[in-house]
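Worksheet: the structure to be examined is printed underneath.
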Amino acid sequence: MKPLNRRIILPVLLLCTLASTATPKTAIPFFNSFTLINSIKNAPVEKNNAKICACQMMDVKSNNEDLKNLVVFAEKTNNGDLSNEYQAAMQVLHKEKKNLKTFYSTITVKREILVTTDCASLYKQLKGTYENLKVLETLDADIRLAIK
């Protein structure tokens, strides 16, 4: 069964309440349960675009600081072609790494992660594994690629 559209839930609940409290004198003449059920089944479903998250965990070093477990995320909307979406998200991460080289003399990528969830969920998973995780930035890959 398709998930219900949020805009339909409140009117359905209202109609059900009216129908359950209706007496023969106060019955709703236009209310037909068969029509209601068919309209719910055929209602437009809100498109739930899944997100793709690419992540680079790195250690960075400069003259002034030495940071371990620094994380940069890039989040992209999944439009159906996973390989292209992964590639685009990783491209954004690599550009950001180039930008970081202006601030840090040494950048060591410890781990790269590609998942089909949003970056907030991935962060929660990683936070359980790495206690001293520091998020540098969460990039919107859709916007970054559109700017080119």
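For the structure tokens, the naming scheme is as follows: chains receive sequential letters (A, B, ...) according to their order of presentation, residues are indexed from 1 within each chain, and ligands are indexed from 1 in presentation order.
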Spatial neighbours of Val72 (chain A), max dist 8 Å, only C-alpha atoms, sep filter under 6 positions, as a list in words:
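After dropping sequence-adjacent residues, the list is Cys55, Gln56, Met57, Leu93, Val135, Leu136, Glu137, Thr138 and Leu139 of chain A.
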Can you list, as a list in words, every protein, DNA or RNA residue that comes within 12 Å of Leu100 (chain A) when you count only C-alpha atoms, leaving out same-chain residues fewer than 6 positions away?
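Final neighbour list, sorted by chain and number: Met58, Asp59, Val60, Lys61, Ser62, Leu70, Val72, Leu93, His94, Thr106, Ile107, Thr108, Leu136 and Glu137 of chain A.
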Region 44-142 of chain A: residues DSSP assigns to strand (DSSP E), reported as number ranges by chain:
A: 51-61, 66-77, 106-115, 134-140
So, counting only C-alpha atoms, which residue among A:Val71, A:Val92, A:Leu82, A:Cys53 is closest to Ile147 (chain A)?
A:Val92
